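A.B. asks: I am attaching a structure below and will ask some questions about it afterwards.
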Amino acid sequence: MPQLTTFRLYLLGIALLFAGYVALEYNRPKPLDWNPSYANKDKIPYGTYALYDQLPRLLGTDSVEAVRLPIYSQLTGLSLDDISEEDTDGEDEPAGGDSTEVAAASDSTAAAGADGATATTATGDTAATEEATGPAQTDGQETVGTNDAADAAGPQATDSSPAGSEAGQVASEADEAADEDDRDNRPTNMPLRSGQANYLFVNQGFELSRPDALALLQFVARGNDAFVAAQEFSGARGLLRDSLGFTVEDMDLVTHQSSKGLPVVDSVDLRFSNPALAGAGIRLPGTGAEQRLVVDSGRVGRTLATDARGRAVFIQLDYGRGHFYICTAPLAFTNYYLLRPRSTAFASAALTYLPARRTWWDEYQKQGPIGEQSLLRVVMAHDALRTAYYLILAGGLLFVLVEARRRQRIIPTLRPLPNTTLLFTRTVASLYRQGSSHALIAEKKVGLFMDYLRTRFQETNPDFGDADFRERLSQKSGLARPRVDELLRLVNFARTAPQMNDRELLLLSKALSDFKQEVNR
């Protein structure tokens with residue numbers, strides 16, 4: 001088992017701290033997301049999951065469908081790519097083929113304009129009006145007939161002088177330009193789906209392309225209803241606002257100082273104009289209802305809800321046989337306010353204006369179309385990019401496998417070679433012994449003894465018969481002279497004897513071993 005060194009202890013401590021941090025982050029409660037998404041799948045405070053779930057009960061119908069298509073595709077069943085020049089052949093015809101109804105509405109408007117029988121309802125800064133004689137529409141747009149007499153007298157006035165002629169010409173050019181704009185903004189005869197329905201939009205911003213705006217206008221002109229709750233209305237060069245005759249104005253936010261001295265935006269109280277819905281008011285933060293609706297003079301509409309200063313935030317606009325419901329406070333339809341007992345009545349009361357029938361809930365402007373929504377959808381849509389992507393993945397995987405194998409291959413344990421010198425010596429000795437070659441063994445032992453004398457006592461050329469050598473060896477080894485003489489006699493015998501028996505070889509071996517042991521003490 002490996003020992004826990006200081007470095008390994010540091011690594012273990014870091015690993016434990018990292019594991020603890022991961023566990024803490026995983027179990028920590030997630031903070032609330034206060035971003036307004038208005039998506040029916042979000043349960044965050046400013047999502048619309050609760051409203052979409054309760055929509056069948058609020059509208060009194062089980063036919064509620066979430067739509068993930070553009071408005072044009074949903075209403076016509078066609079893709080935006082299918083739009084061609086053939087779709088604009090009927091620009092000069094009334095919307096939806098309701099020529100009789102639109103002509104009758106135009107005649108009634110002219111009569112009402114000549115008589116001056118118009119009733120205007122204004123609350124504060126709101127210019128929403130409702131004509132007593134009914135809708136005044138021509139080609140899907142509401143028109144004002146209060147200047148017919150002036151228009152009739154215009155040619156007579158312009159004939160009296162050259163200045164009048166120039167003024168008449170300028171007015172004629174302006175009328176032609178206005179007529180051209182009206183033709184551009186007029187809905188075309190689109191193959192809309194059959195059946196009556198409601199179309200609901202609860203978004204931060206209501207963006208329309210030109211085909212979407214024209215399709216929605218024709219859809220409402222045929223007797224359907226569109227409910228739009230948004231703070232921003234853009235797209236299609238303001239086609240929807242121009243056709244319906246309303247504008248959205250940003251109001252200055254009223255602020256007050258908090259206890260810390262910082263400016264805080266005041267809340268806004270919204271209430272319905274209908275006395276029967278007086279208890280369905282709501283209080284929103286100032287940033288959630290900072291737009292007000294202003295209806296052009298002469299347009300047919302009705303103010304449904306206002307703020308405390310009487311400025312419209314929720315209006316109804318008649319268009320053809322249907323209605324547009326415009327609200328600039330989409331925050332009132334989110335989960336946070338729908339699930340609070342004091343504010344849930346506003347959304348319920350606002351949706352009671354819609355009839356109980358099939359309803360489409362738009363999610364296209366919030367979640368996009370159904371299908372592939374990954375970041376690689378563009379890469380996967382092209383064969384060349386898709387092939388290159390797969391090659392990169394395969395190359396990266398191959399590189400990782402090869403590199404990891406080369407760098408992390410198991411290093412085998414190399415055991416040191418065993419020291420077989422002693423075994424070799426025993427083997428050789430056993431061979432000599434089996435062959436009874438005692439003289440050869442004695443010769444090897446004498447050779448080793450001579451080498452020992454050279455390395456241990458520096459006697460390079462010893463002469464066993466020399467008395468001086470024997471005396472030096474006795475002094476260097478520290479042994480008595482008789483012991484040295486006896487050892488040298490046995491060594492000299494082994495060197496000169498042609499044969500040796502077992503007893504003589506053992507005696508020589510014992511004498512050499514004893515000499516080395518006594519010298520090394």
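Ligands are numbered from 1 in the order shown, chains are lettered A, B, ... in the order of the structure tokens, and residues start at 1 in each chain.
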Can you tell me, as a list in words, what residues are no more than 10 Å from Asp33 of chain A when counting only C-alpha atoms, ignoring any on the same chain fewer than 6 positions away?

C.D. replies: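 Contacts, with the query itself left out: Lys43, Ile44, Pro45, Tyr46 and Gly47 of chain A.
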
A.B. asks: Which residues, written as a list in words, have at least one atom at most 7 Å from Met251 of chain A, with only C-alpha atoms counted and residues fewer than 4 positions away on the same chain left out?

C.D. replies: Glu290, Gln291 and Arg292 of chain A

A.B. asks: Take the selection from the previous step and output its residues with N, CA and C atoms, as a CSV table (one decimal), in the first residue's frame.

C.D. replies:
chain,number,residue,atom,x,y,z
A,290,GLU,N,-46.2,50.6,-18.8
A,290,GLU,CA,-45.7,52.0,-19.1
A,290,GLU,C,-46.2,52.5,-20.4
A,291,GLN,N,-47.0,51.7,-21.1
A,291,GLN,CA,-47.5,52.1,-22.4
A,291,GLN,C,-49.0,52.4,-22.3
A,292,ARG,N,-49.5,53.4,-23.1
A,292,ARG,CA,-50.9,53.7,-23.1
A,292,ARG,C,-51.3,53.7,-24.6

A.B. asks: What does the structure give for the distance between atom CA of Leu270 of chain A and atom CA of Glu249 of chain A, in Å to one decimal?

C.D. replies: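 Going from atom CA of Leu270 of chain A over to atom CA of Glu249 of chain A covers 16.6 Å.
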
A.B. asks: Leaving out segment 463-477 of chain A and any residue of its chain fewer than 4 positions from it, which residues lie within 8 Å of it when counting only C-alpha atoms, given as a ChimeraX atom specification?

C.D. replies: /A:457,481,484-485,488,492,519

A.B. asks: Using backbone DSSP assignments, extract all alpha helix (DSSP H) residues from segment 265-414 of chain A; output them as an MDAnalysis selection string.

C.D. replies: chainID A and resid 335:338 344:351 364:367 377:380 383:407

A.B. asks: Compare A:Ala312, A:Ala480, A:Leu51, A:Leu217 by their minimum atom-to-atom distance to Phe246 of chain A, counting only C-alpha atoms, and give me the closest one.

C.D. replies: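 Once distances to Phe246 of chain A are computed over only C-alpha atoms, the minimum belongs to A:Ala312.
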
A.B. asks: So that I can check the surroundings of Gly279 of chain A, please list as a ChimeraX atom specification every protein, DNA and RNA residue that reaches within 10 Å of it, counting only C-alpha atoms and ignoring chain neighbours fewer than 3 positions away.

C.D. replies: /A:271-272,275-276,282,342-343,345-346,349

A.B. asks: Using DSSP on the backbone, list every residue of segment 302-348 of chain A that comes out as strand (DSSP E), and give them as a ChimeraX atom specification.

C.D. replies: /A:302-307,312-319,322-327

A.B. asks: Given the selection you just returned, output its residues as a file containing N, CA and C atoms, formatted as a short mmCIF file (atom, residue, chain, number, x, y, z; two decimals), in the first residue's frame.

C.D. replies:
data_model
loop_
_atom_site.label_atom_id
_atom_site.label_comp_id
_atom_site.auth_asym_id
_atom_site.auth_seq_id
_atom_site.Cartn_x
_atom_site.Cartn_y
_atom_site.Cartn_z
N ARG A 302 -63.64 50.76 -28.21
CA ARG A 302 -64.17 50.95 -26.87
C ARG A 302 -63.05 50.73 -25.87
N THR A 303 -62.97 51.60 -24.90
CA THR A 303 -61.98 51.46 -23.84
C THR A 303 -62.49 50.48 -22.80
N LEU A 304 -61.72 49.43 -22.55
CA LEU A 304 -62.14 48.40 -21.61
C LEU A 304 -61.47 48.53 -20.24
N ALA A 305 -60.26 49.04 -20.20
CA ALA A 305 -59.55 49.19 -18.92
C ALA A 305 -58.61 50.37 -19.02
N THR A 306 -58.44 51.06 -17.91
CA THR A 306 -57.58 52.25 -17.85
C THR A 306 -56.73 52.18 -16.59
N ASP A 307 -55.78 53.12 -16.51
CA ASP A 307 -55.03 53.26 -15.28
C ASP A 307 -55.74 54.26 -14.36
N ALA A 312 -56.01 54.72 -21.39
CA ALA A 312 -56.41 53.37 -21.82
C ALA A 312 -55.21 52.43 -21.85
N VAL A 313 -55.39 51.24 -21.31
CA VAL A 313 -54.40 50.17 -21.38
C VAL A 313 -54.99 48.91 -22.00
N PHE A 314 -56.29 48.88 -22.19
CA PHE A 314 -56.97 47.72 -22.77
C PHE A 314 -58.16 48.23 -23.56
N ILE A 315 -58.16 48.00 -24.89
CA ILE A 315 -59.21 48.53 -25.75
C ILE A 315 -59.74 47.43 -26.65
N GLN A 316 -60.91 47.67 -27.18
CA GLN A 316 -61.53 46.80 -28.18
C GLN A 316 -61.70 47.61 -29.47
N LEU A 317 -61.22 47.07 -30.57
CA LEU A 317 -61.34 47.73 -31.87
C LEU A 317 -62.10 46.81 -32.82
N ASP A 318 -63.18 47.35 -33.39
CA ASP A 318 -63.97 46.59 -34.34
C ASP A 318 -63.29 46.61 -35.71
N TYR A 319 -63.26 45.46 -36.35
CA TYR A 319 -62.67 45.37 -37.68
C TYR A 319 -63.45 44.34 -38.49
N GLY A 322 -65.26 41.15 -36.97
CA GLY A 322 -64.59 40.68 -35.78
C GLY A 322 -64.07 41.82 -34.93
N HIS A 323 -63.23 41.47 -33.97
CA HIS A 323 -62.75 42.45 -33.00
C HIS A 323 -61.28 42.17 -32.68
N PHE A 324 -60.55 43.23 -32.45
CA PHE A 324 -59.20 43.19 -31.90
C PHE A 324 -59.26 43.66 -30.45
N TYR A 325 -58.63 42.91 -29.57
CA TYR A 325 -58.51 43.30 -28.17
C TYR A 325 -57.02 43.56 -27.91
N ILE A 326 -56.68 44.79 -27.63
CA ILE A 326 -55.29 45.20 -27.46
C ILE A 326 -55.07 45.59 -26.00
N CYS A 327 -54.04 45.00 -25.39
CA CYS A 327 -53.70 45.29 -24.00
C CYS A 327 -52.19 45.51 -23.91
#

A.B. asks: Skip segment 58-68 of chain A itself and residues of its chain fewer than 3 positions away, then list as number ranges by chain all residues within 9 Å of it, counting only C-alpha atoms.

C.D. replies: A: 40, 51-52, 54-55, 71, 74, 348-349, 351-352, 354-370

A.B. asks: As JSON, numbers by chain, please: the residues near Leu216 of chain A (cut-off 10 Å, only C-alpha atoms, same-chain neighbours under 4 positions excluded).

C.D. replies: {"A": [71, 72, 74, 75, 187, 192, 199, 208, 210, 211, 212, 220, 221, 224, 225, 226, 240, 324]}

A.B. asks: For the selection just defined, write its residues with C-alpha atoms to a file, as a PDB file, in the first residue's frame.

C.D. replies:
ATOM      1  CA  ILE A  71     -49.596  33.665 -38.244  1.00  0.00           C
ATOM      2  CA  TYR A  72     -49.747  33.410 -42.036  1.00  0.00           C
ATOM      3  CA  GLN A  74     -51.470  29.007 -39.170  1.00  0.00           C
ATOM      4  CA  LEU A  75     -54.337  30.876 -40.829  1.00  0.00           C
ATOM      5  CA  PRO A 187     -55.567  42.695 -46.893  1.00  0.00           C
ATOM      6  CA  LEU A 192     -57.914  31.239 -44.867  1.00  0.00           C
ATOM      7  CA  TYR A 199     -56.238  33.982 -31.658  1.00  0.00           C
ATOM      8  CA  LEU A 208     -45.494  40.880 -37.486  1.00  0.00           C
ATOM      9  CA  ARG A 210     -46.385  41.895 -43.820  1.00  0.00           C
ATOM     10  CA  PRO A 211     -47.981  38.502 -44.747  1.00  0.00           C
ATOM     11  CA  ASP A 212     -48.724  37.862 -41.056  1.00  0.00           C
ATOM     12  CA  VAL A 220     -60.553  39.170 -37.934  1.00  0.00           C
ATOM     13  CA  ALA A 221     -62.552  40.815 -40.741  1.00  0.00           C
ATOM     14  CA  ASN A 224     -62.988  36.139 -35.656  1.00  0.00           C
ATOM     15  CA  ASP A 225     -61.333  37.727 -32.630  1.00  0.00           C
ATOM     16  CA  ALA A 226     -57.681  38.461 -31.900  1.00  0.00           C
ATOM     17  CA  LEU A 240     -51.526  46.663 -38.007  1.00  0.00           C
ATOM     18  CA  PHE A 324     -59.205  43.191 -31.901  1.00  0.00           C
TER      19      PHE A 324
END

A.B. asks: As an exercise, work out the distance from atom CA of Val228 of chain A to atom CA of Ala329 of chain A in Å and give it to one decimal place.

C.D. replies: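 Spanning atom CA of Val228 of chain A to atom CA of Ala329 of chain A is a straight-line distance of 9.9 Å.
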
A.B. asks: With only C-alpha atoms as the counted atoms, please give the residues lying no more than 8 Å from Gly288 of chain A, apart from itself and same-chain residues fewer than 4 positions off, as a list in words.

C.D. replies: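 My reading of the contact set: Leu284, Ala329, Pro330 and Leu331 of chain A.
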
A.B. asks: Can I get the selected residues back with N, CA and C atoms, as a PDB file, in the first residue's frame?

C.D. replies:
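Result written to part-v9.pdb:
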ATOM      1  N   LEU A 284     -49.819  46.724 -10.796  1.00  0.00           N
ATOM      2  CA  LEU A 284     -48.613  46.244 -11.451  1.00  0.00           C
ATOM      3  C   LEU A 284     -47.466  47.202 -11.180  1.00  0.00           C
ATOM      4  N   ALA A 329     -50.497  45.537 -21.022  1.00  0.00           N
ATOM      5  CA  ALA A 329     -50.021  45.034 -19.728  1.00  0.00           C
ATOM      6  C   ALA A 329     -49.997  43.513 -19.747  1.00  0.00           C
ATOM      7  N   PRO A 330     -49.090  42.902 -20.524  1.00  0.00           N
ATOM      8  CA  PRO A 330     -49.043  41.432 -20.552  1.00  0.00           C
ATOM      9  C   PRO A 330     -48.615  40.823 -19.228  1.00  0.00           C
ATOM     10  N   LEU A 331     -47.995  41.631 -18.362  1.00  0.00           N
ATOM     11  CA  LEU A 331     -47.552  41.108 -17.078  1.00  0.00           C
ATOM     12  C   LEU A 331     -48.730  40.630 -16.231  1.00  0.00           C
TER      13      LEU A 331
END
